[in-house]
$ cat protein_24.txt   # compact mmCIF, C-alpha atoms and all ligand atoms
# COMPACT_ATOMS: atom_id res chain seq x y z
CA MET A 174 -10.54 38.73 -24.29
CA ASP A 175 -7.77 41.07 -23.14
CA THR A 176 -4.47 41.40 -24.97
CA LEU A 177 -2.49 39.42 -22.42
CA THR A 178 -4.93 36.50 -22.62
CA SER A 179 -4.64 36.37 -26.39
CA GLU A 180 -0.83 36.57 -26.20
CA LEU A 181 -0.74 33.78 -23.62
CA ILE A 182 -2.94 31.56 -25.81
CA ASP A 183 -0.60 32.13 -28.76
CA GLU A 184 2.40 31.37 -26.61
CA LEU A 185 0.80 28.19 -25.25
CA ALA A 186 -0.19 27.02 -28.74
CA THR A 187 3.39 27.52 -29.96
CA THR A 188 5.56 26.46 -27.02
CA HIS A 189 3.13 24.14 -25.15
CA THR A 190 4.09 25.61 -21.80
CA LEU A 191 3.49 28.69 -19.66
CA PRO A 192 4.76 29.85 -16.30
CA ILE A 193 2.23 29.23 -13.52
CA GLU A 194 1.25 32.93 -13.57
CA GLY A 195 0.27 32.46 -17.21
CA TYR A 196 -2.02 29.55 -16.32
CA GLU A 197 -3.56 31.56 -13.53
CA HIS A 198 -4.23 34.47 -15.88
CA LEU A 199 -5.88 32.15 -18.43
CA VAL A 200 -8.09 30.54 -15.79
CA ALA A 201 -9.07 33.92 -14.33
CA HIS A 202 -9.83 35.47 -17.73
CA GLN A 203 -12.02 32.79 -19.25
CA ASP A 204 -14.59 34.15 -21.68
CA GLU A 205 -16.29 32.83 -24.81
CA GLU A 206 -13.76 34.33 -27.16
CA ALA A 207 -10.77 32.90 -25.28
CA ALA A 208 -12.51 29.51 -25.05
CA ALA A 209 -13.16 29.47 -28.80
CA LEU A 210 -9.56 30.37 -29.61
CA LEU A 211 -8.17 27.74 -27.24
CA ALA A 212 -10.53 25.10 -28.64
CA GLN A 213 -9.48 25.95 -32.19
CA HIS A 214 -5.79 25.48 -31.35
CA ALA A 215 -6.50 22.37 -29.29
CA ASP A 216 -8.53 20.80 -32.09
CA ALA A 217 -5.78 21.51 -34.63
CA VAL A 218 -3.03 19.96 -32.53
CA ARG A 219 -5.18 16.93 -31.63
CA ARG A 220 -6.07 16.38 -35.32
CA SER A 221 -2.38 16.53 -36.28
CA ILE A 222 -1.73 13.57 -33.96
CA TYR A 223 -4.98 11.61 -33.71
CA GLY A 224 -6.92 12.79 -36.77
CA THR A 225 -10.63 12.36 -36.10
CA ASP A 226 -10.11 9.14 -34.13
CA VAL A 227 -11.77 8.85 -30.75
CA PHE A 228 -10.63 6.03 -28.46
CA VAL A 229 -13.06 4.07 -26.31
CA ARG A 230 -12.43 2.43 -22.96
CA GLY A 231 -14.80 -0.14 -21.53
CA LEU A 232 -15.36 0.83 -17.91
CA ILE A 233 -16.11 -1.97 -15.47
CA GLU A 234 -17.08 -0.69 -12.02
CA PHE A 235 -16.39 -3.89 -10.15
CA SER A 236 -16.89 -2.88 -6.50
CA SER A 237 -18.73 -0.04 -4.77
CA ILE A 238 -17.18 -0.88 -1.40
CA CYS A 239 -14.76 1.76 -0.16
CA ARG A 240 -12.74 2.25 2.99
CA ASN A 241 -12.09 5.93 2.26
CA ASP A 242 -14.27 8.84 3.21
CA CYS A 243 -13.57 11.44 0.51
CA LEU A 244 -15.97 14.29 1.23
CA TYR A 245 -17.16 14.62 -2.38
CA CYS A 246 -17.80 10.98 -3.27
CA GLY A 247 -21.07 9.07 -3.01
CA LEU A 248 -19.19 5.81 -2.37
CA ARG A 249 -17.58 7.24 0.80
CA ALA A 250 -17.49 4.75 3.66
CA SER A 251 -19.80 6.78 5.88
CA ASN A 252 -22.58 6.92 3.29
CA ALA A 253 -24.86 4.29 4.83
CA SER A 254 -27.43 4.71 2.05
CA CYS A 255 -25.05 3.53 -0.67
CA GLU A 256 -25.86 0.00 -1.81
CA ARG A 257 -22.67 -1.97 -1.89
CA TYR A 258 -21.79 -4.73 -4.33
CA ARG A 259 -18.82 -6.63 -5.57
CA LEU A 260 -18.59 -8.40 -8.93
CA SER A 261 -17.15 -11.90 -8.98
CA GLU A 262 -14.18 -12.79 -11.17
CA GLU A 263 -16.59 -14.58 -13.53
CA GLN A 264 -18.78 -11.49 -13.81
CA ILE A 265 -15.78 -9.27 -14.55
CA LEU A 266 -14.46 -11.66 -17.21
CA PHE A 267 -17.94 -11.86 -18.72
CA CYS A 268 -18.02 -8.05 -19.04
CA VAL A 269 -14.59 -8.11 -20.70
CA ASP A 270 -15.62 -10.81 -23.22
CA MET A 271 -18.77 -8.91 -24.07
CA GLY A 272 -16.78 -5.69 -24.39
CA TYR A 273 -14.32 -7.37 -26.73
CA GLU A 274 -17.19 -8.44 -28.99
CA LEU A 275 -18.38 -4.82 -29.00
CA GLY A 276 -14.98 -3.62 -30.21
CA PHE A 277 -13.33 -2.50 -26.98
CA ARG A 278 -9.56 -3.02 -26.80
CA THR A 279 -9.01 -1.30 -23.46
CA PHE A 280 -10.70 -2.30 -20.23
CA VAL A 281 -10.72 -0.06 -17.19
CA LEU A 282 -11.31 -1.86 -13.92
CA GLN A 283 -12.47 0.71 -11.40
CA SER A 284 -13.65 0.36 -7.81
CA GLY A 285 -13.73 1.93 -4.41
CA GLU A 286 -10.80 1.06 -2.17
CA ASP A 287 -12.15 -2.36 -1.32
CA GLY A 288 -9.81 -4.29 0.98
CA TRP A 289 -11.30 -7.60 -0.15
CA TYR A 290 -9.34 -7.24 -3.40
CA THR A 291 -5.95 -8.17 -2.05
CA ASP A 292 -3.18 -8.77 -4.57
CA GLU A 293 -3.94 -12.48 -4.22
CA ARG A 294 -7.45 -11.82 -5.53
CA LEU A 295 -6.85 -9.00 -8.00
CA CYS A 296 -3.69 -10.25 -9.75
CA PRO A 297 -5.35 -13.45 -11.05
CA ILE A 298 -8.19 -11.38 -12.52
CA VAL A 299 -5.69 -9.15 -14.34
CA SER A 300 -3.71 -12.21 -15.52
CA ALA A 301 -6.86 -13.90 -16.78
CA ILE A 302 -7.76 -10.86 -18.89
CA ARG A 303 -4.17 -10.58 -20.11
CA ALA A 304 -4.21 -14.27 -21.14
CA SER A 305 -7.62 -14.26 -22.83
CA HIS A 306 -7.15 -10.90 -24.59
CA PRO A 307 -3.45 -10.34 -25.27
CA ASP A 308 -4.25 -7.58 -27.77
CA CYS A 309 -6.00 -5.41 -25.17
CA ALA A 310 -4.78 -2.82 -22.71
CA ILE A 311 -5.72 -3.25 -19.06
CA THR A 312 -6.18 -0.11 -16.99
CA LEU A 313 -6.65 -0.17 -13.24
CA SER A 314 -8.34 2.53 -11.18
CA VAL A 315 -8.49 1.09 -7.71
CA GLY A 316 -6.95 3.83 -5.62
CA GLU A 317 -3.94 4.00 -3.35
CA ARG A 318 -1.97 0.80 -2.76
CA SER A 319 1.58 -0.04 -1.79
CA ARG A 320 4.39 0.18 -4.33
CA GLU A 321 4.79 -3.57 -3.99
CA SER A 322 1.15 -4.12 -4.82
CA TYR A 323 1.40 -1.85 -7.88
CA ALA A 324 4.47 -3.86 -8.94
CA ARG A 325 2.62 -7.17 -8.62
CA LEU A 326 -0.37 -5.91 -10.57
CA ARG A 327 1.95 -4.62 -13.28
CA GLU A 328 3.64 -8.04 -13.47
CA ALA A 329 0.21 -9.65 -13.69
CA GLY A 330 -0.38 -7.67 -16.86
CA ALA A 331 -1.82 -4.23 -16.06
CA ASP A 332 -0.57 -1.55 -18.48
CA ARG A 333 -2.11 1.67 -17.27
CA TYR A 334 -3.33 3.18 -14.01
CA LEU A 335 -5.71 6.04 -13.33
CA LEU A 336 -5.17 7.80 -10.01
CA ARG A 337 -6.43 11.35 -10.14
CA HIS A 338 -4.32 13.65 -8.00
CA GLU A 339 -7.66 15.48 -7.25
CA THR A 340 -5.86 18.79 -6.58
CA ALA A 341 -2.22 19.82 -6.75
CA ASP A 342 -2.59 22.09 -3.72
CA PRO A 343 -1.97 20.32 -0.39
CA ASP A 344 -4.25 22.68 1.59
CA HIS A 345 -7.06 22.19 -0.90
CA TYR A 346 -6.46 18.44 -0.78
CA ALA A 347 -6.97 18.54 3.00
CA LEU A 348 -10.35 20.27 2.56
CA LEU A 349 -11.62 17.52 0.24
CA HIS A 350 -10.39 14.49 2.16
CA PRO A 351 -10.53 13.08 5.69
CA LYS A 352 -7.44 13.53 7.82
CA GLU A 353 -6.40 9.91 7.33
CA MET A 354 -5.68 10.65 3.68
CA SER A 355 -2.67 12.66 2.58
CA PHE A 356 -1.62 14.62 -0.45
CA ASP A 357 1.95 13.38 -0.07
CA HIS A 358 0.85 9.76 -0.11
CA ARG A 359 -1.30 10.26 -3.20
CA MET A 360 1.60 11.91 -5.03
CA ARG A 361 3.92 9.13 -3.84
CA CYS A 362 1.54 6.62 -5.41
CA VAL A 363 1.44 8.57 -8.69
CA CYS A 364 5.26 8.58 -8.82
CA ASP A 365 5.51 4.88 -7.90
CA LEU A 366 3.14 4.03 -10.73
CA ARG A 367 5.26 5.90 -13.23
CA GLU A 368 8.50 4.36 -11.98
CA LEU A 369 6.96 0.90 -12.33
CA GLY A 370 6.30 1.50 -16.01
CA TYR A 371 2.56 2.13 -16.03
CA LEU A 372 1.05 4.71 -18.34
CA VAL A 373 -0.29 7.03 -15.67
CA GLY A 374 -3.49 9.07 -15.56
CA VAL A 375 -3.92 11.95 -13.13
CA GLY A 376 -6.65 14.57 -13.01
CA MET A 377 -8.92 16.76 -10.97
CA MET A 378 -12.53 17.74 -10.61
CA VAL A 379 -13.46 21.13 -12.01
CA GLY A 380 -15.36 23.37 -9.62
CA SER A 381 -14.78 21.21 -6.55
CA PRO A 382 -15.58 22.90 -3.24
CA TYR A 383 -13.07 25.58 -2.15
CA GLN A 384 -11.28 25.43 -5.52
CA THR A 385 -9.70 28.75 -6.58
CA THR A 386 -8.07 29.92 -9.81
CA ALA A 387 -4.72 29.57 -8.02
CA HIS A 388 -5.48 25.90 -7.31
CA LEU A 389 -6.34 25.24 -10.94
CA ALA A 390 -3.15 27.01 -12.03
CA ARG A 391 -1.22 24.63 -9.76
CA ASP A 392 -3.03 21.69 -11.35
CA LEU A 393 -2.03 22.89 -14.82
CA ALA A 394 1.57 23.50 -13.73
CA PHE A 395 1.64 19.97 -12.29
CA ILE A 396 0.30 18.51 -15.54
CA ASP A 397 2.92 20.55 -17.43
CA ARG A 398 5.71 19.18 -15.22
CA PHE A 399 4.56 15.57 -14.85
CA LYS A 400 3.25 15.06 -18.40
CA PRO A 401 0.83 12.24 -17.52
CA GLU A 402 -0.03 9.94 -20.42
CA MET A 403 -3.71 10.35 -19.49
CA CYS A 404 -5.63 13.08 -17.73
CA GLY A 405 -9.17 12.68 -16.37
CA ILE A 406 -10.95 15.92 -15.67
CA GLY A 407 -14.65 16.37 -15.19
CA PRO A 408 -16.96 18.70 -13.33
CA PHE A 409 -17.54 18.16 -9.63
CA ILE A 410 -21.20 17.13 -9.18
CA PRO A 411 -22.71 17.06 -5.69
CA HIS A 412 -23.98 13.80 -4.23
CA HIS A 413 -26.95 14.15 -1.87
CA ALA A 414 -25.54 11.94 0.88
CA THR A 415 -22.16 13.68 1.25
CA PRO A 416 -21.04 16.77 3.19
CA PHE A 417 -20.90 18.60 -0.16
CA ALA A 418 -24.55 17.89 -0.99
CA ASP A 419 -25.42 21.59 -1.23
CA ARG A 420 -22.40 22.73 -3.18
CA ALA A 421 -22.65 23.98 -6.74
CA ALA A 422 -21.54 21.71 -9.57
CA GLY A 423 -18.63 22.60 -11.83
CA THR A 424 -19.54 23.96 -15.24
CA LEU A 425 -19.40 22.64 -18.77
CA GLU A 426 -17.69 25.84 -19.92
CA GLN A 427 -14.85 25.73 -17.41
CA THR A 428 -14.28 22.01 -17.97
CA CYS A 429 -14.05 22.47 -21.74
CA TYR A 430 -11.78 25.49 -21.31
CA LEU A 431 -9.40 23.42 -19.18
CA LEU A 432 -9.56 20.46 -21.59
CA SER A 433 -8.33 22.78 -24.36
CA ILE A 434 -5.51 24.13 -22.20
CA ILE A 435 -4.42 20.62 -21.20
CA ARG A 436 -4.42 19.47 -24.85
CA LEU A 437 -2.12 22.40 -25.68
CA ILE A 438 0.19 21.77 -22.71
CA HIS A 439 0.58 18.13 -23.64
CA PRO A 440 -0.45 17.50 -27.27
CA THR A 441 -0.28 13.67 -27.16
CA VAL A 442 -2.19 13.28 -23.86
CA LEU A 443 -5.10 10.83 -23.77
CA LEU A 444 -7.92 13.04 -22.59
CA PRO A 445 -11.39 11.68 -21.87
CA ALA A 446 -14.66 13.55 -22.27
CA THR A 447 -15.96 12.11 -19.00
CA THR A 448 -19.32 10.72 -17.96
CA ALA A 449 -19.55 13.58 -15.43
CA LEU A 450 -19.32 16.03 -18.34
CA GLY A 451 -22.09 14.11 -20.11
CA THR A 452 -24.11 14.30 -16.90
CA ILE A 453 -24.11 18.08 -16.47
CA HIS A 454 -25.06 18.75 -20.09
CA PRO A 455 -26.88 16.57 -22.66
CA ASN A 456 -24.09 17.13 -25.19
CA GLY A 457 -21.30 17.41 -22.65
CA ARG A 458 -19.17 14.63 -24.10
CA GLU A 459 -19.46 15.99 -27.63
CA ARG A 460 -18.50 19.43 -26.32
CA GLY A 461 -15.52 17.88 -24.55
CA ILE A 462 -14.32 16.21 -27.76
CA LEU A 463 -14.72 19.47 -29.68
CA ALA A 464 -12.64 21.21 -26.98
CA GLY A 465 -9.74 18.77 -27.45
CA ALA A 466 -10.60 15.50 -25.70
CA ASN A 467 -10.02 12.24 -27.63
CA VAL A 468 -11.32 9.46 -25.38
CA VAL A 469 -14.74 8.32 -24.18
CA MET A 470 -15.36 5.71 -21.51
CA PRO A 471 -18.74 4.04 -21.85
CA ASN A 472 -19.94 1.77 -19.12
CA LEU A 473 -19.58 -2.02 -19.44
CA SER A 474 -20.78 -2.80 -15.92
CA PRO A 475 -23.81 -5.11 -15.70
CA SER A 476 -27.01 -2.98 -15.76
CA ASP A 477 -28.19 -4.23 -12.36
CA VAL A 478 -25.16 -2.79 -10.51
CA ARG A 479 -24.90 0.50 -12.39
CA THR A 480 -27.39 2.27 -10.16
CA LYS A 481 -25.23 1.37 -7.17
CA TYR A 482 -21.97 2.90 -8.40
CA LEU A 483 -22.97 6.49 -7.81
CA LEU A 484 -20.12 8.92 -7.23
CA TYR A 485 -22.49 11.85 -7.81
CA ASP A 486 -26.19 12.50 -8.46
CA GLY A 487 -27.84 12.28 -11.87
CA LYS A 488 -25.30 9.97 -13.50
CA ILE A 489 -26.27 9.11 -17.09
CA CYS A 490 -26.61 5.73 -18.88
CA MET A 491 -28.08 4.01 -15.81
CA GLY A 492 -30.47 1.65 -17.58
CA ASP A 493 -28.53 1.04 -20.75
CA GLU A 494 -26.96 -2.20 -21.84
CA ALA A 495 -23.28 -2.05 -22.79
CA ALA A 496 -24.12 -2.46 -26.47
CA GLU A 497 -26.53 0.47 -26.31
CA CYS A 498 -23.89 2.69 -24.67
CA ARG A 499 -21.43 1.81 -27.37
CA ARG A 500 -23.87 2.46 -30.23
CA CYS A 501 -25.05 5.71 -28.70
CA LEU A 502 -21.50 7.02 -28.39
CA ASP A 503 -20.62 5.92 -31.94
CA LEU A 504 -23.55 7.98 -33.20
CA ARG A 505 -22.79 10.97 -31.01
CA MET A 506 -19.20 11.07 -32.26
CA GLU A 507 -20.22 10.59 -35.93
CA ARG A 508 -22.64 13.48 -35.64
CA ILE A 509 -19.78 15.85 -34.78
CA GLY A 510 -17.39 14.43 -37.38
CA TYR A 511 -15.35 12.08 -35.20
CA HIS A 512 -15.04 8.30 -35.32
CA VAL A 513 -14.79 5.76 -32.54
CA VAL A 514 -12.05 3.31 -33.52
CA VAL A 515 -11.37 -0.30 -32.56
CA ASP A 516 -7.91 0.23 -31.11
CA ARG A 517 -6.01 -0.11 -27.83
CA GLY A 518 -5.72 3.64 -27.98
CA ASP A 519 -2.12 4.05 -26.90
CA PRO A 520 -0.53 7.51 -27.05
CA ARG A 521 0.64 8.32 -30.56
CA PRO A 522 3.82 10.27 -31.33
CA ASN A 523 3.53 13.94 -32.16
CA PRO A 524 4.70 14.40 -35.76
CA ALA A 525 5.73 17.96 -34.88
CA ASP A 526 8.09 16.72 -32.20
CA THR A 527 11.41 16.59 -34.05
CA THR A 528 13.34 15.85 -30.87
CA ARG A 529 12.03 12.28 -30.90
CA ARG A 530 14.38 9.77 -32.40
CA PRO A 531 12.84 7.33 -34.90
CA ALA A 532 11.88 4.01 -33.32
N1 LIG B 1 -11.20 4.68 -5.72
C1 LIG B 1 -10.55 5.06 -6.96
C2 LIG B 1 -11.56 5.48 -8.02
C3 LIG B 1 -12.28 6.73 -7.60
S1 LIG B 1 -13.67 7.18 -8.59
C4 LIG B 1 -9.54 6.16 -6.68
O1 LIG B 1 -9.45 6.60 -5.54
O2 LIG B 1 -8.81 6.53 -7.56
C5 LIG B 1 -12.89 8.10 -9.85
C6 LIG B 1 -12.94 9.61 -9.75
O3 LIG B 1 -14.27 10.10 -9.68
C7 LIG B 1 -12.28 10.22 -8.53
O4 LIG B 1 -10.90 10.24 -8.66
C8 LIG B 1 -12.91 11.61 -8.47
O5 LIG B 1 -12.08 12.59 -9.10
C9 LIG B 1 -14.21 11.45 -9.28
N2 LIG B 1 -15.36 11.78 -8.43
C10 LIG B 1 -15.66 11.31 -7.20
N3 LIG B 1 -16.74 11.94 -6.70
C11 LIG B 1 -17.13 12.84 -7.61
C12 LIG B 1 -18.17 13.82 -7.68
N4 LIG B 1 -19.00 14.02 -6.66
N5 LIG B 1 -18.28 14.59 -8.79
C13 LIG B 1 -17.44 14.40 -9.83
N6 LIG B 1 -16.43 13.50 -9.83
C14 LIG B 1 -16.27 12.74 -8.73

$ encode --input "protein_24.txt" --output "structure tokens"
Amino acid sequence: MDTLTSELIDELATTHTLPIEGYEHLVAHQDEEAAALLAQHADAVRRSIYGTDVFVRGLIEFSSICRNDCLYCGLRASNASCERYRLSEEQILFCVDMGYELGFRTFVLQSGEDGWYTDERLCPIVSAIRASHPDCAITLSVGERSRESYARLREAGADRYLLRHETADPDHYALLHPKEMSFDHRMRCVCDLRELGYLVGVGMMVGSPYQTTAHLARDLAFIDRFKPEMCGIGPFIPHHATPFADRAAGTLEQTCYLLSIIRLIHPTVLLPATTALGTIHPNGRERGILAGANVVMPNLSPSDVRTKYLLYDGKICMGDEAAECRRCLDLRMERIGYHVVVDRGDPRPNPADTTRRPA
């Protein structure tokens, strides 16, 4: 680690911000020593806010049908070999009830951009969950929709929304997406969601094709500016039936390094150790938690559809039942000294933040 890197880490750990050049230097000068120092600071700040609590989200992948053609994603419309399915309202509500019994208090409904789920179809599902489980948080991750649609879903009872920005660099965005999709529209959606009162999750893949250190620095500067309540980052993993089939996957080391930086930029952020991280390394999720993550998102989807929701190759937990996933994660977290809690897992205030007025 060079002197500037160590000074930047100290500055980040103290002030929780750096100029974009500082982020670029950190990304470009990643080594084991810098990673260990960042993780140590990130762990300390996370413990001061969340202790050893790890939040769980029950992920329900309710449709693999997608109109988009993102170059990296196995669900892309032009992948003819992807088996498509759609869960019925009854199936979704069954997953939620089972998840509740297993101790989940947040449900994430994720899907491709499936036009069948109009507001008229999706809002009643959200309302039904809201009515049957008033103590739970409902998170949607269903892609780009109109502001009006986001407003209706919010009124129906959705609390949070995950819409990864994918990359904060418009030119890079254009290399990852078909020309029908636009960076400006994605950012417009992210801003609409915030204005409508959702807790918003953004994020990017680590090691996606064409990604440079300058792109990652822009991502970090965006996270610094926007301060999303949640931030999903995981390694890019190639899917065999996409144009990026032969590209290299992102690494565990770089993902963990960025998780630590993001924890320091935004101490209260809800930061998952993603399934993709668990896919590229057998202890990926544990390593993510140790680097500063505080959320895990086990799968609640029915076992028979899991093998059809394949964003990338090699995805873990394919044959498991929801209860097994939950137990396995409990054990994995206990083994590293953390505890999965039965909790909605909302952001907690930072005790060090003296600018906050008491509630
Ligand atoms: N249709 C929704 C949900 C997309 S899937 C939406 O557009 O928001 C959730 C995330 O998986 C994506 O945002 C993307 O960042 C990630 N993802 C997709 N393909 C991937 C791949 N090949 N490797 C790693 N992550 C991938």

$ atom_distance --input "protein_24.txt" --atom1 "atom CA of Gly195 of chain A" --atom2 "atom CA of Leu349 of chain A"
25.9 Å

$ atom_distance --input "protein_24.txt" --atom1 "atom CA of Thr452 of chain A" --atom2 "atom CA of Gly487 of chain A"
6.6 Å

$ closest_atom_pairs --input "protein_24.txt" --of "chain A" --to "ligand LIG 1 (chain B)" --cutoff "9 Å" --atoms "all atoms listed in the file" --output "CSV"
residue,atom,partner,partner_atom,distance
A:Ser237,CA,B:LIG1,N1,8.9
A:Cys239,CA,B:LIG1,N1,7.2
A:Asn241,CA,B:LIG1,N1,8.1
A:Cys243,CA,B:LIG1,N3,7.9
A:Leu244,CA,B:LIG1,N3,8.3
A:Tyr245,CA,B:LIG1,N4,4.7
A:Cys246,CA,B:LIG1,N3,3.7
A:Gly247,CA,B:LIG1,N3,6.4
A:Leu248,CA,B:LIG1,N3,7.9
A:Arg249,CA,B:LIG1,N3,8.9
A:Gln283,CA,B:LIG1,C2,5.9
A:Ser284,CA,B:LIG1,N1,5.4
A:Gly285,CA,B:LIG1,N1,4.0
A:Glu286,CA,B:LIG1,N1,5.1
A:Asp287,CA,B:LIG1,N1,8.4
A:Ser314,CA,B:LIG1,C2,5.4
A:Val315,CA,B:LIG1,C1,4.5
A:Gly316,CA,B:LIG1,C4,3.6
A:Glu317,CA,B:LIG1,O1,6.5
A:Leu335,CA,B:LIG1,O2,6.6
A:Leu336,CA,B:LIG1,O2,4.6
A:Arg337,CA,B:LIG1,O4,4.8
A:His338,CA,B:LIG1,O4,7.4
A:Glu339,CA,B:LIG1,O5,5.6
A:Val375,CA,B:LIG1,O4,8.5
A:Gly376,CA,B:LIG1,O5,7.0
A:Met377,CA,B:LIG1,O5,5.6
A:Met378,CA,B:LIG1,O5,5.4
A:Val379,CA,B:LIG1,C13,8.1
A:Ser381,CA,B:LIG1,N5,7.8
A:Gly405,CA,B:LIG1,O5,7.8
A:Ile406,CA,B:LIG1,O5,7.5
A:Gly407,CA,B:LIG1,N6,6.3
A:Pro408,CA,B:LIG1,C13,5.6
A:Phe409,CA,B:LIG1,N5,3.7
A:Ile410,CA,B:LIG1,N5,3.9
A:Pro411,CA,B:LIG1,N4,4.9
A:His412,CA,B:LIG1,N4,5.5
A:Thr415,CA,B:LIG1,N4,8.5
A:Phe417,CA,B:LIG1,N4,8.2
A:Ala418,CA,B:LIG1,N4,8.8
A:Ala422,CA,B:LIG1,N5,7.9
A:Gly423,CA,B:LIG1,C13,8.5
A:Ala449,CA,B:LIG1,C13,6.0
A:Leu450,CA,B:LIG1,C13,8.9
A:Leu483,CA,B:LIG1,N3,8.4
A:Leu484,CA,B:LIG1,N3,4.6
A:Tyr485,CA,B:LIG1,N4,4.3
A:Asp486,CA,B:LIG1,N4,7.6

$ atom_distance --input "protein_24.txt" --atom1 "atom CA of Ala496 of chain A" --atom2 "atom CA of Ser236 of chain A"
21.2 Å

$ closest_residue --input "protein_24.txt" --among "A:Cys501, A:Ala446, A:Asp419, A:Gly510" --to "Gly465 of chain A" --atoms "all atoms listed in the file"
A:Ala446

$ closest_residue --input "protein_24.txt" --among "A:Ser433, A:Gln213, A:Thr312, A:Ser355" --to "Leu393 of chain A" --atoms "all atoms listed in the file"
A:Ser433

$ closest_atom_pairs --input "protein_24.txt" --of "segment 356-475 of chain A" --to "segment 253-265 of chain A" --cutoff "12 Å" --atoms "all atoms listed in the file" --output "JSON lines"
{"residue": "A:His412", "atom": "CA", "partner": "A:Cys255", "partner_atom": "CA", "distance": 10.9}
{"residue": "A:His413", "atom": "CA", "partner": "A:Ser254", "partner_atom": "CA", "distance": 10.2}
{"residue": "A:Ala414", "atom": "CA", "partner": "A:Ser254", "partner_atom": "CA", "distance": 7.6}
{"residue": "A:Thr415", "atom": "CA", "partner": "A:Ala253", "partner_atom": "CA", "distance": 10.4}
{"residue": "A:Leu473", "atom": "CA", "partner": "A:Ile265", "partner_atom": "CA", "distance": 9.5}
{"residue": "A:Ser474", "atom": "CA", "partner": "A:Ile265", "partner_atom": "CA", "distance": 8.3}
{"residue": "A:Pro475", "atom": "CA", "partner": "A:Gln264", "partner_atom": "CA", "distance": 8.3}

$ write_last_selection --input "protein_24.txt" --atoms "C-alpha atoms" --output "CSV table (one decimal), keeping the file's coordinate frame"
chain,number,residue,atom,x,y,z
A,412,HIS,CA,-24.0,13.8,-4.2
A,413,HIS,CA,-27.0,14.2,-1.9
A,414,ALA,CA,-25.5,11.9,0.9
A,415,THR,CA,-22.2,13.7,1.2
A,473,LEU,CA,-19.6,-2.0,-19.4
A,474,SER,CA,-20.8,-2.8,-15.9
A,475,PRO,CA,-23.8,-5.1,-15.7

$ residues_around --input "protein_24.txt" --residues "segment 436-439 of chain A" --least-positions-apart "4" --cutoff "6 Å" --atoms "all atoms listed in the file" --output "VMD selection string"
chain A and resid 186 189 to 190 215 465
